[in-house]
file upload16.cif (mmCIF, C-alpha atoms and all ligand atoms)
data_work
#
loop_
_atom_site.label_atom_id
_atom_site.label_comp_id
_atom_site.auth_asym_id
_atom_site.auth_seq_id
_atom_site.Cartn_x
_atom_site.Cartn_y
_atom_site.Cartn_z
CA MET A 1 -14.59 -21.26 57.54
CA TYR A 2 -14.33 -25.03 57.63
CA HIS A 3 -17.77 -25.30 59.22
CA SER A 4 -19.52 -23.28 56.63
CA PHE A 5 -17.77 -25.32 53.92
CA LYS A 6 -18.87 -28.52 55.63
CA ARG A 7 -22.44 -27.27 55.83
CA LEU A 8 -22.31 -26.64 52.11
CA CYS A 9 -21.06 -30.20 51.52
CA ASP A 10 -23.70 -31.59 53.84
CA ARG A 11 -26.38 -29.98 51.76
CA TRP A 12 -25.26 -31.93 48.73
CA ARG A 13 -24.73 -35.19 50.56
CA TYR A 14 -27.22 -37.96 50.00
CA GLU A 15 -28.98 -38.60 53.30
CA PRO A 16 -30.10 -42.25 53.63
CA LEU A 17 -33.50 -42.88 55.10
CA GLN A 18 -33.37 -44.30 58.59
CA SER A 19 -33.48 -48.05 58.21
CA HIS A 20 -35.81 -49.97 60.39
CA SER A 21 -33.30 -52.58 61.28
CA GLY A 22 -30.13 -50.58 61.16
CA GLN A 23 -28.72 -48.51 63.89
CA ASP A 24 -27.86 -44.85 63.56
CA PRO A 25 -24.25 -44.51 62.43
CA SER A 26 -22.05 -43.69 65.31
CA ARG A 27 -20.75 -40.16 65.81
CA TRP A 28 -17.29 -41.44 64.83
CA GLN A 29 -18.56 -42.93 61.53
CA ARG A 30 -20.38 -39.73 60.60
CA TRP A 31 -17.38 -37.62 61.46
CA SER A 32 -14.95 -39.74 59.44
CA ARG A 33 -17.30 -39.93 56.41
CA SER A 34 -17.66 -36.18 56.29
CA TRP A 35 -13.88 -35.80 56.41
CA VAL A 36 -13.34 -38.20 53.52
CA GLY A 37 -15.99 -36.41 51.44
CA THR A 38 -14.63 -32.97 52.21
CA GLY A 39 -11.08 -34.11 51.54
CA LEU A 40 -12.00 -35.54 48.16
CA ALA A 41 -13.93 -32.39 47.22
CA VAL A 42 -11.04 -30.15 48.20
CA ALA A 43 -8.54 -32.32 46.31
CA PHE A 44 -10.68 -32.28 43.17
CA GLY A 45 -11.16 -28.54 43.50
CA ILE A 46 -7.44 -27.86 43.78
CA ALA A 47 -6.68 -30.17 40.86
CA ALA A 48 -9.30 -28.48 38.68
CA VAL A 49 -8.02 -24.99 39.49
CA PHE A 50 -4.48 -26.15 38.73
CA VAL A 51 -5.41 -27.68 35.37
CA ILE A 52 -7.42 -24.62 34.29
CA ALA A 53 -4.74 -22.15 35.42
CA ARG A 54 -2.11 -24.13 33.54
CA ALA A 55 -4.20 -24.16 30.39
CA ILE A 56 -4.64 -20.38 30.59
CA LEU A 57 -1.06 -19.52 31.55
CA TYR A 58 0.66 -21.79 29.06
CA ARG A 59 -1.81 -21.41 26.23
CA ARG A 60 0.23 -20.98 23.08
CA PRO A 61 -1.07 -18.38 20.67
CA TYR A 62 -1.26 -19.56 17.06
CA ASN A 63 2.01 -19.07 15.23
CA PRO A 64 2.59 -20.17 11.62
CA LEU A 65 6.09 -21.37 12.54
CA ASP A 66 5.26 -23.26 15.75
CA ASP A 67 2.22 -24.71 14.02
CA TYR A 68 4.09 -25.37 10.81
CA GLN A 69 2.51 -27.48 8.12
CA GLU A 70 4.60 -28.56 5.22
CA LEU A 71 2.72 -27.03 2.32
CA ASN A 72 5.41 -25.46 0.16
CA GLN A 73 8.11 -27.75 -1.19
CA PHE A 74 9.54 -25.39 -3.80
CA PRO A 75 13.20 -24.24 -3.55
CA VAL A 76 14.01 -21.33 -1.24
CA THR A 77 16.56 -19.72 -3.56
CA ALA A 78 15.84 -18.27 -6.99
CA ASP A 79 18.06 -19.84 -9.62
CA ASN A 80 17.62 -17.32 -12.43
CA ALA A 81 18.69 -13.70 -12.56
CA ALA A 82 15.79 -11.44 -13.52
CA HIS A 83 16.23 -9.41 -16.70
CA HIS A 84 15.54 -5.68 -16.54
CA HIS A 85 12.74 -5.84 -19.06
CA ARG A 86 11.12 -8.78 -17.26
CA ARG A 87 10.45 -6.95 -14.00
CA ALA A 88 7.14 -5.65 -12.73
CA VAL A 89 5.69 -3.63 -9.92
CA VAL A 90 2.30 -5.11 -9.16
CA SER A 91 -0.60 -3.85 -7.09
CA SER A 92 -4.30 -4.66 -7.10
CA LEU A 93 -7.57 -2.80 -7.59
CA TYR A 94 -10.74 -4.37 -6.17
CA SER A 95 -12.88 -1.24 -5.76
CA ASP A 96 -13.06 2.28 -7.19
CA GLY A 97 -12.33 3.88 -3.81
CA TYR A 98 -8.70 2.79 -4.10
CA ALA A 99 -8.12 4.07 -7.66
CA ILE A 100 -6.48 7.34 -6.61
CA ALA A 101 -4.35 5.53 -4.02
CA VAL A 102 -3.15 3.03 -6.64
CA ALA A 103 -2.43 5.91 -9.01
CA VAL A 104 -0.30 7.59 -6.34
CA VAL A 105 1.60 4.33 -5.67
CA GLY A 106 2.39 3.99 -9.38
CA HIS A 107 3.38 7.61 -9.78
CA SER A 108 5.58 7.46 -6.68
CA ALA A 109 7.36 4.40 -8.08
CA ARG A 110 7.90 6.16 -11.42
CA SER A 111 9.16 9.29 -9.60
CA ALA A 112 11.70 7.11 -7.79
CA ASN A 113 12.83 5.79 -11.18
CA VAL A 114 11.88 2.21 -10.42
CA THR A 115 12.66 0.39 -13.65
CA ALA A 116 9.79 -2.03 -14.13
CA ARG A 117 6.42 -2.34 -15.81
CA LEU A 118 3.43 -1.35 -13.70
CA LEU A 119 0.96 -4.23 -13.83
CA LEU A 120 -2.41 -3.95 -12.18
CA PRO A 121 -4.74 -6.92 -11.69
CA TYR A 122 -8.33 -5.78 -11.14
CA LEU A 123 -11.74 -7.31 -10.52
CA GLY A 124 -13.82 -6.71 -13.66
CA ASN A 125 -17.21 -6.49 -11.94
CA LYS A 126 -16.01 -4.14 -9.17
CA VAL A 127 -13.93 -1.54 -11.01
CA SER A 128 -15.36 1.12 -13.33
CA ASP A 129 -13.98 2.46 -16.61
CA LYS A 130 -13.37 5.77 -14.84
CA ALA A 131 -11.05 4.11 -12.32
CA LEU A 132 -9.22 2.20 -15.06
CA CYS A 133 -8.82 5.41 -17.07
CA ILE A 134 -7.25 7.15 -14.06
CA VAL A 135 -4.69 4.43 -13.34
CA ARG A 136 -3.77 4.18 -17.04
CA THR A 137 -2.82 7.87 -17.11
CA ILE A 138 -0.05 7.01 -14.61
CA GLY A 139 1.28 4.14 -16.69
CA TRP A 140 -0.39 1.20 -14.95
CA GLU A 141 -1.35 -1.65 -17.28
CA PRO A 142 -4.61 -2.98 -15.79
CA TYR A 143 -5.68 -6.55 -16.58
CA PRO A 144 -8.76 -8.38 -15.26
CA VAL A 145 -8.35 -11.40 -12.98
CA PRO A 146 -10.83 -13.93 -11.63
CA ARG A 147 -11.89 -13.46 -8.01
CA ILE A 148 -10.44 -16.10 -5.70
CA PRO A 149 -13.04 -16.73 -3.00
CA PRO A 150 -11.93 -17.27 0.61
CA PRO A 151 -11.77 -20.94 1.66
CA ASP A 152 -14.54 -22.52 3.71
CA GLY A 153 -17.15 -20.16 2.21
CA GLY A 154 -15.50 -17.15 3.86
CA LYS A 155 -16.13 -18.47 7.36
CA GLY A 156 -14.67 -16.23 10.09
CA ILE A 157 -12.98 -13.82 7.66
CA PHE A 158 -12.69 -10.11 8.54
CA TRP A 159 -15.18 -8.26 6.28
CA ARG A 160 -12.51 -6.01 4.78
CA PHE A 161 -10.49 -9.01 3.53
CA VAL A 162 -13.12 -10.98 1.56
CA ASP A 163 -11.53 -10.15 -1.81
CA GLN A 164 -7.95 -10.43 -0.62
CA TYR A 165 -7.30 -14.02 -1.75
CA THR A 166 -7.53 -12.60 -5.28
CA LYS A 167 -4.04 -11.24 -4.58
CA LEU A 168 -2.66 -14.77 -5.17
CA ASN A 169 -3.25 -14.17 -8.91
CA VAL A 170 -0.04 -12.11 -8.99
CA TRP A 171 1.93 -15.38 -9.02
CA THR A 172 0.74 -16.03 -12.60
CA LEU A 173 2.72 -13.07 -13.99
CA ASP A 174 5.25 -15.52 -15.45
CA LYS A 175 2.61 -16.02 -18.16
CA MET A 176 3.01 -12.30 -18.98
CA GLY A 177 6.77 -12.64 -19.28
CA ILE A 178 7.70 -11.43 -15.78
CA ASP A 179 10.67 -13.04 -13.97
CA SER A 180 10.74 -10.91 -10.85
CA ALA A 181 8.06 -8.77 -9.23
CA VAL A 182 7.43 -6.49 -6.29
CA TYR A 183 3.88 -6.41 -5.02
CA LEU A 184 2.70 -3.18 -3.34
CA ASP A 185 -0.63 -2.75 -1.55
CA ALA A 186 -2.66 0.32 -2.57
CA ASP A 187 -2.03 1.88 0.86
CA THR A 188 1.73 2.06 0.35
CA LEU A 189 3.86 4.90 -0.98
CA VAL A 190 7.24 4.69 -2.68
CA ARG A 191 9.72 7.22 -1.27
CA ARG A 192 12.98 5.94 -2.78
CA ASN A 193 14.15 3.54 -5.47
CA PHE A 194 13.99 -0.15 -4.55
CA ASP A 195 15.34 -1.79 -7.72
CA GLU A 196 17.58 -4.04 -5.60
CA LEU A 197 14.45 -6.03 -4.61
CA PHE A 198 14.23 -7.43 -8.15
CA ASP A 199 17.65 -9.00 -7.79
CA ILE A 200 17.46 -10.76 -4.44
CA PRO A 201 18.36 -14.43 -4.90
CA PHE A 202 15.30 -15.81 -3.10
CA ASN A 203 11.89 -16.85 -4.36
CA PHE A 204 10.05 -14.94 -1.70
CA ALA A 205 10.88 -11.99 0.57
CA ALA A 206 8.80 -9.82 2.87
CA VAL A 207 9.07 -7.57 5.93
CA PRO A 208 8.19 -8.69 9.49
CA ASP A 209 4.85 -7.36 10.65
CA VAL A 210 4.26 -4.78 13.36
CA TYR A 211 1.05 -4.34 15.31
CA THR A 212 0.03 -1.71 17.83
CA GLY A 213 0.60 -4.58 20.29
CA GLY A 214 4.19 -5.27 19.26
CA PHE A 215 6.73 -6.57 16.74
CA SER A 216 5.97 -9.94 15.14
CA LEU A 217 7.85 -12.83 13.53
CA SER A 218 5.18 -13.14 10.87
CA PHE A 219 5.56 -11.02 7.77
CA ASN A 220 3.22 -8.33 6.49
CA ALA A 221 1.78 -9.12 3.06
CA GLY A 222 1.54 -5.48 1.93
CA VAL A 223 4.95 -5.56 0.23
CA LEU A 224 6.24 -8.77 -1.36
CA ALA A 225 9.33 -9.38 -3.49
CA TYR A 226 8.85 -12.67 -5.30
CA ARG A 227 9.41 -14.72 -8.42
CA PRO A 228 6.11 -15.28 -10.23
CA SER A 229 5.33 -18.91 -11.00
CA SER A 230 2.06 -20.39 -12.23
CA THR A 231 3.17 -23.72 -10.78
CA VAL A 232 3.42 -22.18 -7.31
CA PHE A 233 0.07 -20.46 -7.91
CA GLU A 234 -1.69 -23.75 -8.70
CA ASP A 235 -0.05 -25.35 -5.68
CA MET A 236 -1.25 -22.54 -3.38
CA LEU A 237 -4.83 -22.89 -4.63
CA GLN A 238 -4.75 -26.60 -3.79
CA LYS A 239 -3.16 -26.06 -0.37
CA LEU A 240 -5.80 -23.43 0.51
CA GLU A 241 -8.21 -26.31 0.92
CA VAL A 242 -6.08 -28.24 3.42
CA ALA A 243 -4.12 -25.56 5.29
CA GLU A 244 -5.16 -24.92 8.90
CA TYR A 245 -4.70 -21.34 10.07
CA PRO A 246 -6.75 -18.47 11.54
CA LEU A 247 -9.15 -17.55 8.73
CA ALA A 248 -9.85 -13.99 9.96
CA GLU A 249 -6.62 -12.59 8.52
CA ALA A 250 -7.22 -14.08 5.12
CA GLU A 251 -4.43 -14.30 2.53
CA GLN A 252 -1.79 -12.84 4.84
CA ALA A 253 -2.23 -15.69 7.34
CA PHE A 254 -2.19 -18.24 4.53
CA LEU A 255 0.96 -16.76 2.96
CA ASN A 256 2.64 -16.82 6.37
CA LEU A 257 1.91 -20.50 6.66
CA TYR A 258 2.97 -21.20 3.07
CA PHE A 259 6.16 -19.07 3.01
CA GLY A 260 6.85 -18.39 6.71
CA GLY A 261 9.51 -21.07 7.03
CA THR A 262 11.37 -20.22 3.81
CA CYS A 263 10.89 -16.47 3.45
CA MET A 264 13.72 -13.96 3.32
CA ARG A 265 13.04 -11.27 5.92
CA LEU A 266 13.66 -7.77 4.55
CA PRO A 267 14.55 -4.61 6.55
CA TYR A 268 11.70 -2.39 7.74
CA ILE A 269 12.62 0.31 5.19
CA TYR A 270 10.87 -1.79 2.52
CA ASN A 271 7.55 -1.85 4.37
CA ALA A 272 7.69 0.97 6.90
CA ASN A 273 4.46 0.22 8.70
CA LEU A 274 2.97 3.21 10.57
CA ALA A 275 2.56 0.90 13.58
CA ILE A 276 6.35 1.09 14.10
CA LYS A 277 6.03 4.76 14.94
CA GLY A 278 3.58 4.00 17.74
CA ARG A 279 5.69 1.16 19.15
CA SER A 280 9.07 2.86 18.84
CA PRO A 281 9.32 6.48 17.69
CA VAL A 282 13.11 6.11 18.05
CA LEU A 283 13.24 3.25 15.54
CA TRP A 284 10.90 5.15 13.19
CA GLN A 285 13.21 8.15 13.30
CA ARG A 286 16.22 5.91 12.66
CA LEU A 287 14.55 4.49 9.53
CA ALA A 288 12.95 7.69 8.21
CA ASP A 289 15.73 8.81 5.85
CA GLU A 290 16.15 5.39 4.30
CA MET A 291 12.53 4.37 3.87
CA ARG A 292 11.84 3.00 0.40
CA ILE A 293 8.21 2.10 0.93
CA VAL A 294 5.86 3.48 3.60
CA HIS A 295 2.77 1.48 4.50
CA TYR A 296 -0.30 3.45 5.68
CA THR A 297 -1.74 0.66 7.80
CA LEU A 298 -3.38 2.51 10.69
CA VAL A 299 -4.37 5.76 9.01
CA LYS A 300 -5.26 6.08 5.33
CA PRO A 301 -4.94 9.60 3.89
CA PHE A 302 -6.96 8.73 0.76
CA LEU A 303 -10.12 7.32 2.36
CA GLN A 304 -12.87 9.25 4.07
CA ASP A 305 -14.53 6.11 5.34
CA MET A 306 -13.12 2.57 5.34
CA ARG A 307 -16.63 1.23 4.78
CA SER A 308 -17.52 3.13 1.63
CA THR A 309 -14.89 2.40 -0.96
CA ASP A 310 -16.97 1.93 -4.07
CA THR A 311 -16.65 5.36 -5.69
CA VAL A 312 -13.68 7.34 -6.93
CA LEU A 313 -13.26 10.18 -4.47
CA SER A 314 -13.61 13.73 -5.81
CA PRO A 315 -10.61 16.07 -5.37
CA GLU A 316 -12.54 17.82 -2.56
CA ASP A 317 -13.19 14.51 -0.79
CA ILE A 318 -9.51 13.62 -1.03
CA GLU A 319 -8.51 16.98 0.48
CA ASP A 320 -10.98 16.30 3.26
CA ALA A 321 -9.64 12.76 3.82
CA MET A 322 -6.05 14.04 4.00
CA GLU A 323 -7.05 16.75 6.48
CA LYS A 324 -8.83 14.26 8.71
CA ALA A 325 -5.96 11.76 8.56
CA ALA A 326 -3.47 14.44 9.59
CA ARG A 327 -5.52 15.19 12.72
CA ILE A 328 -5.98 11.57 13.88
CA GLU A 329 -4.45 10.80 17.29
CA ASP A 330 -3.73 14.47 17.92
CA GLY A 331 -1.72 14.68 14.72
CA PHE A 332 0.71 11.89 15.65
CA TYR A 333 1.04 10.87 11.97
CA ARG A 334 0.86 14.39 10.53
CA GLU A 335 4.34 14.22 8.97
CA GLU A 336 3.65 10.87 7.27
CA MET A 337 0.29 12.12 5.97
CA GLY A 338 2.26 15.06 4.60
CA TRP A 339 4.46 12.65 2.59
CA TRP A 340 1.38 11.18 0.96
CA ARG A 341 -0.12 14.63 0.31
CA GLU A 342 3.13 15.73 -1.36
CA ALA A 343 3.12 12.64 -3.60
CA TYR A 344 -0.55 13.23 -4.47
CA ARG A 345 0.11 16.90 -5.34
CA ARG A 346 3.08 15.94 -7.51
CA MET A 347 0.92 13.41 -9.35
CA MET A 348 -1.81 16.03 -9.89
CA LEU A 349 0.78 18.47 -11.26
CA ASP A 350 1.97 15.88 -13.80
CA HIS A 351 -1.34 14.15 -14.62
CA GLY A 352 -4.13 16.22 -13.05
CA HIS A 353 -5.48 17.27 -16.45
CA ALA A 354 -5.73 13.71 -17.77
CA ILE A 355 -7.22 12.52 -14.48
CA SER A 356 -9.96 15.14 -14.54
CA GLN A 357 -10.78 14.16 -18.14
CA CYS A 358 -11.20 10.56 -16.94
CA ARG A 359 -13.58 11.80 -14.23
CA GLN A 360 -15.69 13.70 -16.78
CA SER A 361 -15.77 11.31 -19.70
CA SER A 362 -16.63 8.03 -18.04
C1 LIG B 401 15.21 9.88 -11.89
O1 LIG B 401 15.84 10.02 -13.13
C2 LIG B 401 15.86 11.36 -13.62
C3 LIG B 401 16.44 11.37 -15.02
O2 LIG B 401 17.60 10.59 -15.10
C4 LIG B 401 16.68 12.23 -12.65
O3 LIG B 401 16.68 13.56 -13.08
C5 LIG B 401 16.06 12.14 -11.27
O4 LIG B 401 16.81 12.81 -10.31
C6 LIG B 401 15.89 10.69 -10.81
N1 LIG B 401 15.11 10.65 -9.59
C7 LIG B 401 15.49 9.97 -8.54
C8 LIG B 401 14.58 10.04 -7.36
O5 LIG B 401 16.47 9.26 -8.49
#
call {"tool": "encode", "arguments": {"input": "upload16.cif", "output": "structure tokens"}}
result
Amino acid sequence: MYHSFKRLCDRWRYEPLQSHSGQDPSRWQRWSRSWVGTGLAVAFGIAAVFVIARAILYRRPYNPLDDYQELNQFPVTADNAAHHHRRAVVSSLYSDGYAIAVAVVGHSARSANVTARLLLPYLGNKVSDKALCIVRTIGWEPYPVPRIPPPDGGKGIFWRFVDQYTKLNVWTLDKMGIDSAVYLDADTLVRRNFDELFDIPFNFAAVPDVYTGGFSLSFNAGVLAYRPSSTVFEDMLQKLEVAEYPLAEAEQAFLNLYFGGTCMRLPYIYNANLAIKGRSPVLWQRLADEMRIVHYTLVKPFLQDMRSTDTVLSPEDIEDAMEKAARIEDGFYREEMGWWREAYRRMMLDHGHAISQCRQSS
């Protein structure tokens, strides 16, 4: 072993030409030189392996709390009580493919007797009159908002999230007379009343995130309870330019940096992420009866294809999407897909006629 290693070293060693005057180095000199060279090489090798192994083993993954930057200097607690008529449920509509899903969210909130206006920011150039007509039948009040482009020209962002910074517009609802708001992503479903969220005495609250890989300290941005403030909105837009965070996860990563240190963490029943079921079916079962808001993160019963979301799905396409979703992973989420199907059917019973008129007229 040593000899083959030495031969390897010898091959790299500079061999001086025989000098005319000089004598051949003695056997002893050659032997000792080779030992010093080998020793140094081995020492460097061990040191390099050690440094690299240490860097790999102790590499810290990015974490908005460990890597905290002081961006948000607003108070943590909310100092005003929100009046009943100054509350809003807010969602967002950036493409026609989500119109039915948003309608179901709104109808499910109304069915749970959530006492708030239903305000819906939408992107004017991406959403058709047909989609707006459908969400209005449920009671949503759509209003156009400017697109907020991702920072750094959208570098590194996940393709599905390129419009997601537009979500920050919901902080300007104070200009529409709203004191307290609950934001719900289009892929959520209200199962029970959550009026208590409008009264929490903090400026920002959200539910810790769950991935197929595990439970996280960061929050999921699909459900937010917050106090709208145009001042905070302007501040966020400015901080977007200086904040350092992984750009792939878009507005959720930014919000975690901005609010992560001052956020009130809510129980999982307010954002019951399907990923919980995969991680801990026991916990999912424990929460099932008390779930206020379910979040269809992994499987979406209202989409046939995540990549084509620019048309309002026909009733047949929606049936097909629900069927497919119920079969995913050998039907592991069949029950949860059933909850969404029930909510969809109830909506169609109440508003199906008006919705089909929207489909025909526009
Ligand atoms: C909502 O309110 C109506 C009328 O007061 C009531 O009949 C119904 O049971 C309520 N629904 C829920 C889910 O609380």
call {"tool": "residues_near_ligand", "arguments": {"input": "upload16.cif", "ligand": "ligand LIG 401 (chain B)", "cutoff": "12 Å", "atoms": "all atoms listed in the file", "output": "PyMOL selection string"}}
result
chain A and resi 107-115+190-195+292
call {"tool": "closest_residue", "arguments": {"input": "upload16.cif", "among": "A:Val232, A:Ile200, A:Ile56, A:Leu123", "to": "Gln73 of chain A", "atoms": "all atoms listed in the file"}}
result
A:Val232
call {"tool": "atom_distance", "arguments": {"input": "upload16.cif", "atom1": "atom CA of Tyr226 of chain A", "atom2": "atom CA of Ala181 of chain A"}}
result
5.6 Å
call {"tool": "closest_atom_pairs", "arguments": {"input": "upload16.cif", "of": "segment 146-191 of chain A", "to": "segment 244-258 of chain A", "cutoff": "6 Å", "atoms": "only C-alpha atoms", "output": "tab-separated table"}}
result
residue	atom	partner	partner_atom	distance
A:Gly156	CA	A:Ala248	CA	5.3
A:Ile157	CA	A:Ala248	CA	3.9
A:Phe158	CA	A:Ala248	CA	5.0
A:Tyr165	CA	A:Glu251	CA	5.2
call {"tool": "closest_residue", "arguments": {"input": "upload16.cif", "among": "A:Thr231, A:Glu290, A:Ala48, A:Asp305", "to": "Lys175 of chain A", "atoms": "all atoms listed in the file"}}
result
A:Thr231
call {"tool": "axis_aligned_box", "arguments": {"input": "upload16.cif", "around": "segment 335-353 of chain A", "padding_each_side": "6 Å", "output": "lines of an AutoDock Vina configuration file"}}
result
center_x = -0.5
center_y = 14.7
center_z = -3.7
size_x = 21.9
size_y = 19.6
size_z = 37.4
call {"tool": "atom_distance", "arguments": {"input": "upload16.cif", "atom1": "atom CA of Trp159 of chain A", "atom2": "atom CA of Arg307 of chain A"}}
result
9.7 Å
call {"tool": "residues_around", "arguments": {"input": "upload16.cif", "residues": "segment 142-151 of chain A", "least_positions_apart": "6", "cutoff": "6 Å", "atoms": "only C-alpha atoms", "output": "count of residues only"}}
result
7
call {"tool": "atom_distance", "arguments": {"input": "upload16.cif", "atom1": "atom CA of Ala186 of chain A", "atom2": "atom CA of Gly261 of chain A"}}
result
26.4 Å
call {"tool": "closest_residue", "arguments": {"input": "upload16.cif", "among": "A:Asn273, A:Ser361, A:Asn125, A:Thr188", "to": "Phe302 of chain A", "atoms": "only C-alpha atoms"}}
result
A:Thr188
call {"tool": "closest_residue", "arguments": {"input": "upload16.cif", "among": "A:Thr212, A:Gln69, A:Thr262, A:Asn80", "to": "Ser280 of chain A", "atoms": "all atoms listed in the file"}}
result
A:Thr212
call {"tool": "decode", "arguments": {"input": "upload16.cif", "residues": "segment 336-354 of chain A", "atoms": "N, CA, C and O atoms", "output": "tab-separated table (two decimals), in the first residue's frame"}}
result
chain	number	residue	atom	x	y	z
A	336	GLU	N	-60.70	13.50	1.92
A	336	GLU	CA	-60.54	14.96	1.83
A	336	GLU	C	-61.04	15.48	0.48
A	336	GLU	O	-61.62	16.57	0.41
A	337	MET	N	-60.81	14.70	-0.58
A	337	MET	CA	-61.34	15.10	-1.89
A	337	MET	C	-62.87	15.09	-1.83
A	337	MET	O	-63.54	15.91	-2.47
A	338	GLY	N	-63.41	14.17	-1.06
A	338	GLY	CA	-64.85	14.10	-0.86
A	338	GLY	C	-65.39	15.37	-0.19
A	338	GLY	O	-66.48	15.85	-0.54
A	339	TRP	N	-64.63	15.93	0.75
A	339	TRP	CA	-65.07	17.18	1.40
A	339	TRP	C	-65.22	18.29	0.37
A	339	TRP	O	-66.17	19.05	0.38
A	340	TRP	N	-64.22	18.35	-0.53
A	340	TRP	CA	-64.26	19.42	-1.53
A	340	TRP	C	-65.43	19.18	-2.49
A	340	TRP	O	-66.16	20.10	-2.84
A	341	ARG	N	-65.61	17.90	-2.90
A	341	ARG	CA	-66.70	17.58	-3.82
A	341	ARG	C	-68.05	17.96	-3.20
A	341	ARG	O	-68.91	18.55	-3.87
A	342	GLU	N	-68.22	17.66	-1.93
A	342	GLU	CA	-69.47	18.02	-1.23
A	342	GLU	C	-69.70	19.53	-1.28
A	342	GLU	O	-70.81	19.99	-1.55
A	343	ALA	N	-68.63	20.30	-0.99
A	343	ALA	CA	-68.75	21.75	-0.98
A	343	ALA	C	-69.08	22.26	-2.39
A	343	ALA	O	-69.91	23.17	-2.55
A	344	TYR	N	-68.46	21.66	-3.39
A	344	TYR	CA	-68.72	22.04	-4.79
A	344	TYR	C	-70.18	21.76	-5.15
A	344	TYR	O	-70.87	22.59	-5.73
A	345	ARG	N	-70.67	20.56	-4.75
A	345	ARG	CA	-72.06	20.19	-5.09
A	345	ARG	C	-73.05	21.13	-4.41
A	345	ARG	O	-74.05	21.54	-5.00
A	346	ARG	N	-72.74	21.48	-3.15
A	346	ARG	CA	-73.62	22.40	-2.42
A	346	ARG	C	-73.66	23.76	-3.12
A	346	ARG	O	-74.72	24.37	-3.27
A	347	MET	N	-72.49	24.21	-3.56
A	347	MET	CA	-72.44	25.49	-4.28
A	347	MET	C	-73.27	25.41	-5.57
A	347	MET	O	-74.02	26.34	-5.89
A	348	MET	N	-73.16	24.29	-6.30
A	348	MET	CA	-73.89	24.15	-7.55
A	348	MET	C	-75.40	24.07	-7.31
A	348	MET	O	-76.20	24.56	-8.12
A	349	LEU	N	-75.79	23.49	-6.16
A	349	LEU	CA	-77.22	23.47	-5.82
A	349	LEU	C	-77.73	24.89	-5.62
A	349	LEU	O	-78.80	25.27	-6.11
A	350	ASP	N	-76.95	25.71	-4.89
A	350	ASP	CA	-77.38	27.08	-4.58
A	350	ASP	C	-77.22	28.03	-5.77
A	350	ASP	O	-78.03	28.93	-5.96
A	351	HIS	N	-76.13	27.87	-6.53
A	351	HIS	CA	-75.79	28.89	-7.55
A	351	HIS	C	-75.54	28.32	-8.93
A	351	HIS	O	-75.12	29.05	-9.83
A	352	GLY	N	-75.77	27.01	-9.10
A	352	GLY	CA	-75.45	26.37	-10.39
A	352	GLY	C	-76.09	27.07	-11.58
A	352	GLY	O	-75.45	27.23	-12.63
A	353	HIS	N	-77.34	27.54	-11.40
A	353	HIS	CA	-78.04	28.18	-12.51
A	353	HIS	C	-77.32	29.46	-12.93
A	353	HIS	O	-77.01	29.66	-14.11
A	354	ALA	N	-77.01	30.30	-11.94
A	354	ALA	CA	-76.33	31.56	-12.23
A	354	ALA	C	-74.95	31.29	-12.83
A	354	ALA	O	-74.52	31.98	-13.77
